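Chemist: To be precise about what I am sending: the file is called structure25.tsv and holds TSV, C-alpha atoms and all ligand atoms.
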chain	number	residue	atom	x	y	z
G	58	MET	CA	15.24	-12.87	-5.12
G	59	MET	CA	14.78	-10.68	-8.15
G	60	SER	CA	16.73	-11.37	-11.34
G	61	THR	CA	19.87	-9.26	-11.65
G	62	SER	CA	21.63	-7.81	-14.67
G	63	ALA	CA	23.86	-10.88	-14.68
G	64	ASP	CA	20.76	-13.02	-14.83
G	65	PRO	CA	18.33	-11.01	-16.95
G	66	THR	CA	14.76	-12.11	-17.33
G	67	PRO	CA	14.49	-13.01	-21.05
G	68	ALA	CA	12.16	-10.67	-22.89
G	69	THR	CA	10.03	-13.56	-24.05
G	70	GLU	CA	9.55	-14.77	-20.52
G	71	ALA	CA	8.70	-11.27	-19.32
G	72	ARG	CA	6.21	-10.88	-22.17
G	73	GLU	CA	4.60	-14.19	-21.32
G	74	LEU	CA	4.37	-13.28	-17.64
G	75	LEU	CA	2.78	-9.93	-18.39
G	76	SER	CA	0.37	-11.43	-20.93
G	77	ARG	CA	-0.67	-14.23	-18.61
G	78	ARG	CA	-1.35	-11.85	-15.78
G	79	PHE	CA	-2.82	-8.80	-17.47
G	80	LEU	CA	-4.49	-10.10	-20.62
G	81	ARG	CA	-6.38	-12.93	-18.97
G	82	GLY	CA	-9.66	-11.00	-18.94
G	83	SER	CA	-12.12	-10.87	-16.10
G	84	LEU	CA	-11.88	-13.79	-13.73
G	85	LEU	CA	-15.02	-12.88	-11.88
G	86	GLY	CA	-17.28	-15.86	-11.25
G	87	GLU	CA	-21.07	-15.51	-11.25
G	88	ARG	CA	-21.39	-15.94	-7.50
G	89	GLU	CA	-18.74	-13.30	-6.82
G	90	ALA	CA	-20.23	-10.89	-9.39
G	91	ALA	CA	-23.62	-11.17	-7.68
G	92	PHE	CA	-21.99	-10.63	-4.28
G	93	LEU	CA	-20.22	-7.44	-5.44
G	94	ALA	CA	-23.39	-6.16	-7.14
G	95	ALA	CA	-25.39	-6.70	-3.93
G	96	ALA	CA	-22.73	-4.73	-2.06
G	97	GLU	CA	-23.04	-1.96	-4.68
G	98	ILE	CA	-19.34	-2.18	-5.51
G	99	GLN	CA	-18.76	-0.48	-8.85
G	100	LEU	CA	-16.43	-2.37	-11.14
G	101	PRO	CA	-14.30	-0.03	-13.24
G	102	GLU	CA	-13.77	-0.61	-16.92
G	103	PRO	CA	-10.50	-2.45	-17.67
G	104	PRO	CA	-7.63	-0.23	-18.86
G	105	PRO	CA	-7.09	0.08	-22.65
G	106	LEU	CA	-4.40	-2.56	-22.81
G	107	ASP	CA	-3.20	-3.53	-26.28
G	108	ALA	CA	-0.26	-5.44	-27.71
G	109	PRO	CA	2.04	-2.41	-28.32
G	110	THR	CA	1.50	-1.19	-24.74
G	111	LEU	CA	2.29	-4.62	-23.41
G	112	GLU	CA	5.38	-4.81	-25.61
G	113	ARG	CA	6.72	-1.48	-24.33
G	114	ALA	CA	6.00	-2.45	-20.74
G	115	THR	CA	7.73	-5.78	-21.30
G	116	ALA	CA	10.83	-3.97	-22.54
G	117	MET	CA	10.99	-1.96	-19.30
G	118	VAL	CA	10.83	-4.83	-16.81
G	119	GLU	CA	14.45	-5.94	-17.10
G	120	PRO	CA	16.09	-2.46	-17.08
G	121	VAL	CA	14.02	-1.33	-14.09
G	122	THR	CA	14.73	-4.52	-12.15
G	123	SER	CA	18.40	-4.42	-13.04
G	124	HIS	CA	18.73	-0.76	-12.01
G	125	LEU	CA	17.04	-1.47	-8.72
G	126	MET	CA	19.32	-4.40	-7.95
G	127	LYS	CA	22.37	-2.22	-8.62
G	128	ASN	CA	20.96	0.62	-6.50
G	129	LEU	CA	19.34	-1.17	-3.61
G	130	PRO	CA	18.51	1.08	-0.66
G	131	ASP	CA	20.93	0.96	2.23
G	132	PRO	CA	19.91	-1.64	4.85
G	133	GLU	CA	19.89	1.27	7.33
G	134	SER	CA	17.73	3.45	5.09
G	135	PHE	CA	14.37	2.46	6.52
G	136	PRO	CA	13.42	5.47	8.68
G	137	GLY	CA	14.64	4.67	12.21
G	138	SER	CA	11.82	6.53	13.94
G	139	ALA	CA	9.26	4.56	11.89
G	140	LEU	CA	10.91	1.29	12.94
G	141	ARG	CA	10.79	2.23	16.62
G	142	LEU	CA	7.19	3.41	16.27
G	143	MET	CA	6.26	0.16	14.51
G	144	GLU	CA	7.58	-1.74	17.50
G	145	LEU	CA	5.38	0.37	19.76
G	146	VAL	CA	2.36	-0.12	17.47
G	147	ASP	CA	2.93	-3.88	17.71
G	148	ASN	CA	3.38	-3.83	21.51
G	149	PRO	CA	0.13	-4.32	23.45
G	150	ASP	CA	1.80	-3.02	26.64
G	151	VAL	CA	3.03	0.26	25.20
G	152	GLN	CA	3.13	3.08	27.75
G	153	VAL	CA	2.00	6.65	27.10
G	154	ASN	CA	5.35	8.09	28.16
G	155	GLN	CA	7.25	5.81	25.79
G	156	LEU	CA	5.15	6.93	22.86
G	157	ILE	CA	5.26	10.63	23.73
G	158	GLY	CA	9.03	10.41	24.27
G	159	LEU	CA	9.50	8.96	20.81
G	160	VAL	CA	7.01	11.17	18.99
G	161	SER	CA	8.34	14.38	20.54
G	162	GLN	CA	11.78	13.72	18.99
G	163	ASP	CA	10.40	14.50	15.55
G	164	PRO	CA	8.81	17.94	15.05
G	165	ALA	CA	7.05	16.91	11.83
G	166	VAL	CA	5.45	13.91	13.54
G	167	SER	CA	4.44	15.95	16.60
G	168	ALA	CA	2.93	18.69	14.44
G	169	THR	CA	0.86	16.18	12.44
G	170	ILE	CA	-0.42	14.50	15.61
G	171	LEU	CA	-1.57	17.86	17.00
G	172	ARG	CA	-3.12	18.82	13.65
G	173	CYS	CA	-5.03	15.53	13.57
G	174	ALA	CA	-6.22	15.92	17.17
G	175	ASN	CA	-7.57	19.37	16.35
G	176	SER	CA	-9.02	18.41	12.97
G	177	ALA	CA	-12.74	18.29	12.30
G	178	PHE	CA	-12.58	14.49	12.33
G	179	TYR	CA	-11.53	14.27	15.96
G	180	ALA	CA	-12.06	17.69	17.55
G	181	ARG	CA	-14.30	17.53	20.60
G	182	GLY	CA	-14.26	20.43	23.03
G	183	GLY	CA	-11.31	22.82	23.25
G	184	ALA	CA	-8.07	22.82	21.29
G	185	VAL	CA	-5.43	20.21	22.14
G	186	GLN	CA	-2.16	21.94	23.03
G	187	ASN	CA	0.27	19.07	23.57
G	188	LEU	CA	0.96	15.40	22.83
G	189	ALA	CA	-0.49	14.17	26.12
G	190	GLY	CA	-3.77	15.88	25.22
G	191	ALA	CA	-3.62	14.34	21.74
G	192	VAL	CA	-3.20	10.86	23.23
G	193	ARG	CA	-6.19	11.47	25.52
G	194	ARG	CA	-8.31	12.54	22.54
G	195	LEU	CA	-7.17	10.10	19.85
G	196	GLY	CA	-6.08	7.15	21.95
G	197	LEU	CA	-2.63	5.64	22.26
G	198	ARG	CA	-2.97	3.25	19.37
G	199	GLU	CA	-4.25	5.85	16.90
G	200	VAL	CA	-1.45	8.26	17.80
G	201	ALA	CA	1.12	5.51	17.27
G	202	ARG	CA	-0.35	4.69	13.85
G	203	ILE	CA	-0.48	8.31	12.70
G	204	ALA	CA	3.10	8.79	13.87
G	205	THR	CA	4.24	5.69	11.97
G	206	GLY	CA	2.60	7.04	8.84
G	207	VAL	CA	4.32	10.41	9.04
G	208	ALA	CA	7.67	8.89	9.96
G	209	SER	CA	7.48	6.64	6.86
G	210	ARG	CA	6.88	9.45	4.43
G	211	SER	CA	10.45	9.54	3.13
G	212	LEU	CA	9.87	6.09	1.62
G	213	TYR	CA	7.35	7.65	-0.73
G	214	ASP	CA	9.54	10.20	-2.44
G	215	VAL	CA	13.13	10.81	-3.47
G	216	GLY	CA	15.49	13.47	-2.22
G	217	VAL	CA	16.18	14.71	-5.73
G	218	ARG	CA	13.71	17.45	-6.57
G	219	VAL	CA	13.78	16.95	-10.35
G	220	GLU	CA	13.09	13.21	-10.06
G	221	PHE	CA	10.33	13.81	-7.56
G	222	ALA	CA	8.76	16.39	-9.85
G	223	MET	CA	8.69	13.79	-12.63
G	224	PHE	CA	6.38	11.47	-10.68
G	225	GLY	CA	5.28	13.67	-7.79
G	226	ALA	CA	1.59	12.85	-8.18
G	227	ARG	CA	2.34	9.14	-8.36
G	228	TRP	CA	4.45	9.19	-5.17
G	229	GLY	CA	1.72	11.18	-3.47
G	230	SER	CA	-0.93	8.67	-4.48
G	231	LEU	CA	1.24	5.76	-3.29
G	232	PHE	CA	1.60	7.45	0.12
G	233	HIS	CA	-2.15	8.12	0.19
G	234	GLU	CA	-2.79	4.48	-0.66
G	235	ALA	CA	-0.39	3.25	2.04
G	236	LEU	CA	-2.02	5.34	4.76
G	237	THR	CA	-5.59	4.64	3.67
G	238	CYS	CA	-5.00	0.88	3.35
G	239	GLY	CA	-3.21	0.91	6.71
G	240	PHE	CA	-6.01	2.63	8.61
G	241	LEU	CA	-8.70	0.67	6.72
G	242	SER	CA	-6.98	-2.66	7.45
G	243	GLY	CA	-6.62	-1.79	11.15
G	244	TRP	CA	-10.31	-0.86	11.28
G	245	LEU	CA	-11.51	-3.97	9.40
G	246	SER	CA	-9.36	-6.29	11.50
G	247	THR	CA	-11.08	-4.94	14.62
G	248	GLU	CA	-14.54	-5.02	13.01
G	249	ARG	CA	-14.20	-8.62	11.85
G	250	ARG	CA	-12.19	-9.68	14.92
G	251	THR	CA	-9.64	-11.12	12.53
G	252	GLY	CA	-5.94	-11.20	13.31
G	253	ASP	CA	-4.15	-8.41	15.12
G	254	SER	CA	-5.33	-4.92	14.15
G	255	SER	CA	-1.90	-3.33	14.59
G	256	ARG	CA	-0.29	-5.90	12.33
G	257	ALA	CA	-3.08	-5.41	9.83
G	258	PHE	CA	-2.43	-1.65	9.96
G	259	LEU	CA	1.28	-2.10	9.29
G	260	GLY	CA	0.59	-4.71	6.59
G	261	GLY	CA	-1.76	-2.31	4.82
G	262	MET	CA	0.74	0.49	5.23
G	263	PHE	CA	3.68	-1.35	3.65
G	264	HIS	CA	2.17	-3.92	1.26
G	265	HIS	CA	3.02	-1.71	-1.75
G	266	ILE	CA	6.40	-0.44	-0.61
G	267	GLY	CA	7.96	-2.27	-3.59
G	268	LYS	CA	6.11	0.06	-5.98
G	269	SER	CA	7.47	3.18	-4.33
G	270	ILE	CA	11.09	1.99	-4.35
G	271	ALA	CA	10.84	0.62	-7.91
G	272	LEU	CA	9.47	3.98	-9.01
G	273	ARG	CA	12.81	5.52	-7.99
G	274	SER	CA	14.48	3.33	-10.60
G	275	VAL	CA	11.89	4.26	-13.23
G	276	ALA	CA	12.55	7.95	-12.50
G	277	ALA	CA	16.34	7.54	-12.58
G	278	LEU	CA	16.25	5.62	-15.88
G	279	LYS	CA	13.93	8.19	-17.41
G	280	MET	CA	16.25	10.99	-16.26
G	281	ASP	CA	19.15	9.21	-17.95
G	282	GLY	CA	17.20	8.85	-21.21
G	283	LYS	CA	17.12	5.06	-20.85
G	284	LEU	CA	13.34	4.82	-21.03
G	285	PRO	CA	11.09	6.14	-23.81
G	286	PRO	CA	10.41	9.86	-23.25
G	287	ASP	CA	6.76	9.35	-24.12
G	288	ILE	CA	6.27	6.51	-21.67
G	289	LEU	CA	2.60	6.03	-20.76
G	290	ASP	CA	1.23	5.93	-17.23
G	291	LEU	CA	-0.34	2.58	-18.07
G	292	GLU	CA	3.06	1.16	-19.05
G	293	ILE	CA	4.53	2.25	-15.71
G	294	ASP	CA	1.49	0.76	-13.94
G	295	LEU	CA	2.10	-2.57	-15.67
G	296	VAL	CA	5.79	-2.69	-14.81
G	297	LEU	CA	5.25	-1.76	-11.15
G	298	GLU	CA	2.36	-4.20	-10.90
G	299	GLN	CA	4.47	-7.00	-12.31
G	300	ILE	CA	7.51	-6.55	-10.05
G	301	HIS	CA	6.24	-4.98	-6.82
G	302	ILE	CA	5.61	-8.11	-4.76
G	303	GLU	CA	9.02	-9.65	-5.25
G	304	ILE	CA	10.74	-6.31	-4.72
G	305	GLY	CA	8.64	-5.56	-1.64
G	306	VAL	CA	9.52	-8.88	-0.01
G	307	ASP	CA	13.21	-8.45	-0.85
G	308	LEU	CA	13.27	-4.93	0.59
G	309	MET	CA	11.54	-6.02	3.77
G	310	SER	CA	14.17	-8.71	4.17
G	311	LEU	CA	16.94	-6.16	3.50
G	312	TRP	CA	15.48	-3.85	6.16
G	313	SER	CA	14.91	-6.75	8.59
G	314	LEU	CA	11.22	-5.93	8.92
G	315	PRO	CA	9.04	-8.46	10.78
G	316	SER	CA	8.31	-11.68	8.89
G	317	TYR	CA	4.53	-11.21	9.14
G	318	LEU	CA	4.88	-8.09	6.95
G	319	MET	CA	6.72	-10.12	4.31
G	320	THR	CA	3.95	-12.73	4.41
G	321	ILE	CA	1.27	-10.08	3.91
G	322	CYS	CA	3.23	-8.47	1.06
G	323	GLU	CA	3.87	-11.81	-0.61
G	324	HIS	CA	0.22	-12.91	-0.55
G	325	HIS	CA	-1.76	-9.73	-1.06
G	326	HIS	CA	-2.66	-10.73	-4.64
G	327	ASP	CA	-3.34	-14.40	-3.93
G	328	ASP	CA	-6.81	-15.84	-4.28
G	329	ALA	CA	-8.58	-16.25	-0.96
G	330	VAL	CA	-8.55	-19.92	0.03
G	331	ASP	CA	-12.07	-21.09	0.82
G	332	GLY	CA	-12.35	-22.62	4.26
G	333	SER	CA	-9.00	-21.38	5.57
G	334	LYS	CA	-8.82	-19.48	8.86
G	335	PRO	CA	-8.77	-15.78	7.94
G	336	ASN	CA	-5.88	-13.64	9.13
G	337	GLU	CA	-4.32	-10.20	8.63
G	338	ALA	CA	-3.25	-11.04	5.06
G	339	ASP	CA	-6.91	-11.61	4.10
G	340	VAL	CA	-7.86	-8.30	5.71
G	341	VAL	CA	-5.13	-6.42	3.82
G	342	ARG	CA	-6.01	-8.16	0.53
G	343	LEU	CA	-9.61	-7.04	0.84
G	344	CYS	CA	-8.71	-3.46	1.83
G	345	ALA	CA	-6.07	-3.13	-0.89
G	346	GLY	CA	-8.57	-4.43	-3.45
G	347	LEU	CA	-11.30	-2.04	-2.35
G	348	TYR	CA	-8.83	0.81	-2.66
G	349	GLU	CA	-7.80	-0.32	-6.16
G	350	LEU	CA	-11.41	-0.57	-7.31
G	351	SER	CA	-12.16	2.92	-5.99
G	352	LYS	CA	-9.29	4.41	-8.03
G	353	GLY	CA	-10.58	3.44	-11.45
G	354	PRO	CA	-9.28	0.94	-14.02
G	355	CYS	CA	-7.31	-1.90	-12.38
G	356	VAL	CA	-4.40	-3.29	-14.35
G	357	ASP	CA	-4.77	-6.56	-12.44
G	358	PRO	CA	-8.02	-8.14	-13.69
G	359	GLY	CA	-8.06	-10.46	-10.68
G	360	ILE	CA	-8.87	-7.71	-8.15
G	361	PRO	CA	-12.73	-8.00	-8.16
G	362	GLN	CA	-12.56	-11.76	-7.66
G	363	SER	CA	-9.99	-11.28	-4.92
G	364	VAL	CA	-12.18	-8.72	-3.11
G	365	ALA	CA	-15.27	-10.93	-3.27
G	366	GLY	CA	-13.37	-14.05	-2.19
G	367	SER	CA	-11.69	-12.27	0.71
G	368	ALA	CA	-14.99	-10.78	1.90
G	369	ARG	CA	-16.61	-14.20	1.93
G	370	LEU	CA	-13.63	-15.66	3.77
G	371	LEU	CA	-14.05	-12.93	6.39
G	372	ARG	CA	-17.73	-13.96	6.64
G	373	MET	CA	-18.95	-10.61	5.41
G	374	GLU	CA	-22.38	-10.15	3.89
G	375	PRO	CA	-22.96	-7.60	1.09
G	376	PRO	CA	-24.08	-4.82	3.50
G	377	GLN	CA	-20.86	-5.24	5.46
G	378	LEU	CA	-18.75	-5.07	2.32
G	379	LYS	CA	-20.68	-1.97	1.29
G	380	ALA	CA	-19.90	-0.45	4.72
G	381	ALA	CA	-16.21	-1.29	4.27
G	382	ALA	CA	-16.17	0.45	0.87
G	383	ALA	CA	-17.81	3.50	2.46
G	384	LYS	CA	-15.22	3.43	5.24
G	385	ALA	CA	-12.45	3.31	2.63
G	386	ALA	CA	-13.83	6.46	1.01
G	387	GLU	CA	-14.17	8.18	4.40
G	388	LEU	CA	-10.64	7.27	5.47
G	389	GLY	CA	-9.27	8.32	2.10
G	390	GLY	CA	-10.73	11.77	2.67
G	391	GLN	CA	-9.36	11.93	6.19
G	392	VAL	CA	-5.89	10.93	5.02
G	393	SER	CA	-5.90	13.61	2.31
G	394	SER	CA	-6.86	16.24	4.82
G	395	MET	CA	-4.68	15.23	7.76
G	396	PHE	CA	-1.53	14.30	5.87
G	397	SER	CA	-1.84	16.90	3.10
G	398	VAL	CA	-1.58	14.23	0.43
R	1	FE	FE	-0.29	-5.14	-5.03
Let me see whether you can do it: turn the structure in this file into structure tokens.
Modeler:
Amino acid sequence: MMSTSADPTPATEARELLSRRFLRGSLLGEREAAFLAAAEIQLPEPPPLDAPTLERATAMVEPVTSHLMKNLPDPESFPGSALRLMELVDNPDVQVNQLIGLVSQDPAVSATILRCANSAFYARGGAVQNLAGAVRRLGLREVARIATGVASRSLYDVGVRVEFAMFGARWGSLFHEALTCGFLSGWLSTERRTGDSSRAFLGGMFHHIGKSIALRSVAALKMDGKLPPDILDLEIDLVLEQIHIEIGVDLMSLWSLPSYLMTICEHHHDDAVDGSKPNEADVVRLCAGLYELSKGPCVDPGIPQSVAGSARLLRMEPPQLKAAAAKAAELGGQVSSMFSV
């Protein structure tokens, strides 16, 4: 579990943790560098991280963690419709009527499904008028995934307008990341015949949920004047990067989400283990890393090595990794268009 205010992480320890993780320089081995170059994966420049930035980020870790522990989401706060949809996504015997019955209860979800079915990405023939038509066009599994994405949206914002306005773009990009990584992981799992594609989808969708919930505490503390008013984006990146795995696993436990999601969340920054049997966690690690690299500077210098190692574990050759990066860009565009994010 995370440290609480009664058991604060000493500043020196936090500083050491941050330094060890973010100032370690590139970990990319020669073999992996050559692999990424052959796949035409562009490696972004590292962020301009210096000692004062690290010091300010270090000072934020304990207050943010402490605030979060005192303001944990309600165990019932995970969107109920998303939970029920997740069960359907994970059920190989799901029936069309079950899915339509559930989706039709939520107008926002229904409207997005119809918009997707009639979008340029899927539209074939005449306009789809109802959910049954959308299922025929998109397929049962795709409809269930899109519905899960929409139903989860409340996890990527806060109800308070002023706090949302403070980090609106950041919440939007976290939601975009969740959806893109979810769809990309589902796709790659099928392509590589690795693990269960629905579990990979959900793993990609929720692997960074800790960042979104921790951001609520950053916003609340900033509102209360308890964080520097001139706080830098990079400092927030560092804090969220440092605490998001532990928080994500704790939240998943609080919400009683399936244990395989906790495993994926817990290990999505691990190094790929050569020779191990690849599974959904390896798929999500690769997809999350590709997404990070496509965004620009990565605060975690281990991402390129992690992407190359995961690709090799999944027995991908450079052209296949290049195709996965292209798919990530394509899905990112689709997500922006279909989910207005
Ligand atoms: Fe992460």
Chemist: Give the residues close to ligand FE 1 (chain R), within 10 Å, counting all atoms listed in the file; write them as a list in words.
Modeler: His264, His265, Ile266, Gly267, Lys268, Leu297, Glu298, Gln299, Ile300, His301, Ile302, Gly305, Cys322, Glu323, His324, His325, His326, Asp327, Arg342, Ala345, Gly346, Glu349, Asp357 and Ile360 of chain G
Chemist: Go through G:Leu188, G:Gly225, G:Leu343, G:Leu106 and flag the residue nearest Asn154 of chain G, using all atoms listed in the file for the distances.
Modeler: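 When distances to Asn154 of chain G are compared using all atoms listed in the file, the smallest one comes from G:Leu188.
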Chemist: What lies within 8 Å of Tyr213 of chain G using all atoms listed in the file, ignoring chain neighbours under 4 positions off, as a list of chain:residue names?
Modeler: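 Within the cut-off, the hits are G:Ser209, G:Trp228, G:Gly229, G:Leu231, G:Phe232, G:Ser269, G:Ile270.
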Chemist: Using all atoms listed in the file, find the one residue out of G:Met395, G:Leu111, G:Leu371, G:Ala383 that sits nearest to Ser246 of chain G.
Modeler: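 Looking only at the distances to Ser246 of chain G, the closest residue turns out to be G:Leu371.
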Chemist: Measuring between all atoms listed in the file, which one of G:Met117, G:Leu314, G:Ala208, G:Ile170 shows the shortest distance to Gln186 of chain G?
Modeler: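 For Gln186 of chain G, the nearest of the given residues is G:Ile170.
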Chemist: My list of candidates is G:Ala382, G:Leu125, G:Ala235, G:Val200. Which is closest to Val153 of chain G when distances are computed with only C-alpha atoms?
Modeler: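 Once distances to Val153 of chain G are computed over only C-alpha atoms, the minimum belongs to G:Val200.
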Chemist: Looking at only C-alpha atoms, which of G:Ala368, G:Asp290, G:Leu259, G:Cys355 is the one that sits closest to Ile321 of chain G?
Modeler: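 Ranked by minimum distance to Ile321 of chain G, first place goes to G:Leu259.
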Chemist: Any idea what's packed within 7 Å of Gly366 of chain G, counting only C-alpha atoms, ignoring anything in its chain fewer than 4 positions away? Could you give it as a list of chain:residue names?
Modeler: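 Counting only C-alpha atoms, the residues come to G:Ala329, G:Gln362, G:Leu370.
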Chemist: Just give me the gap between atom CA of Thr122 of chain G and atom CA of Glu234 of chain G in Å, one decimal is fine.
Modeler: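 Atom CA of Thr122 of chain G sits 22.8 Å away from atom CA of Glu234 of chain G.
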Chemist: Could you tell me which of G:Leu318, G:Leu236, G:Leu278, G:Ala257 comes closest to Gly389 of chain G if we count all atoms listed in the file?
Modeler: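 Counting all atoms listed in the file, the residue closest to Gly389 of chain G is G:Leu236.
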Chemist: Expressed in Å to a single decimal, how great is the separation between atom CA of Gly252 of chain G and atom CA of Glu337 of chain G?
Modeler: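 Result for atom CA of Gly252 of chain G versus atom CA of Glu337 of chain G: 5.1 Å, one decimal.
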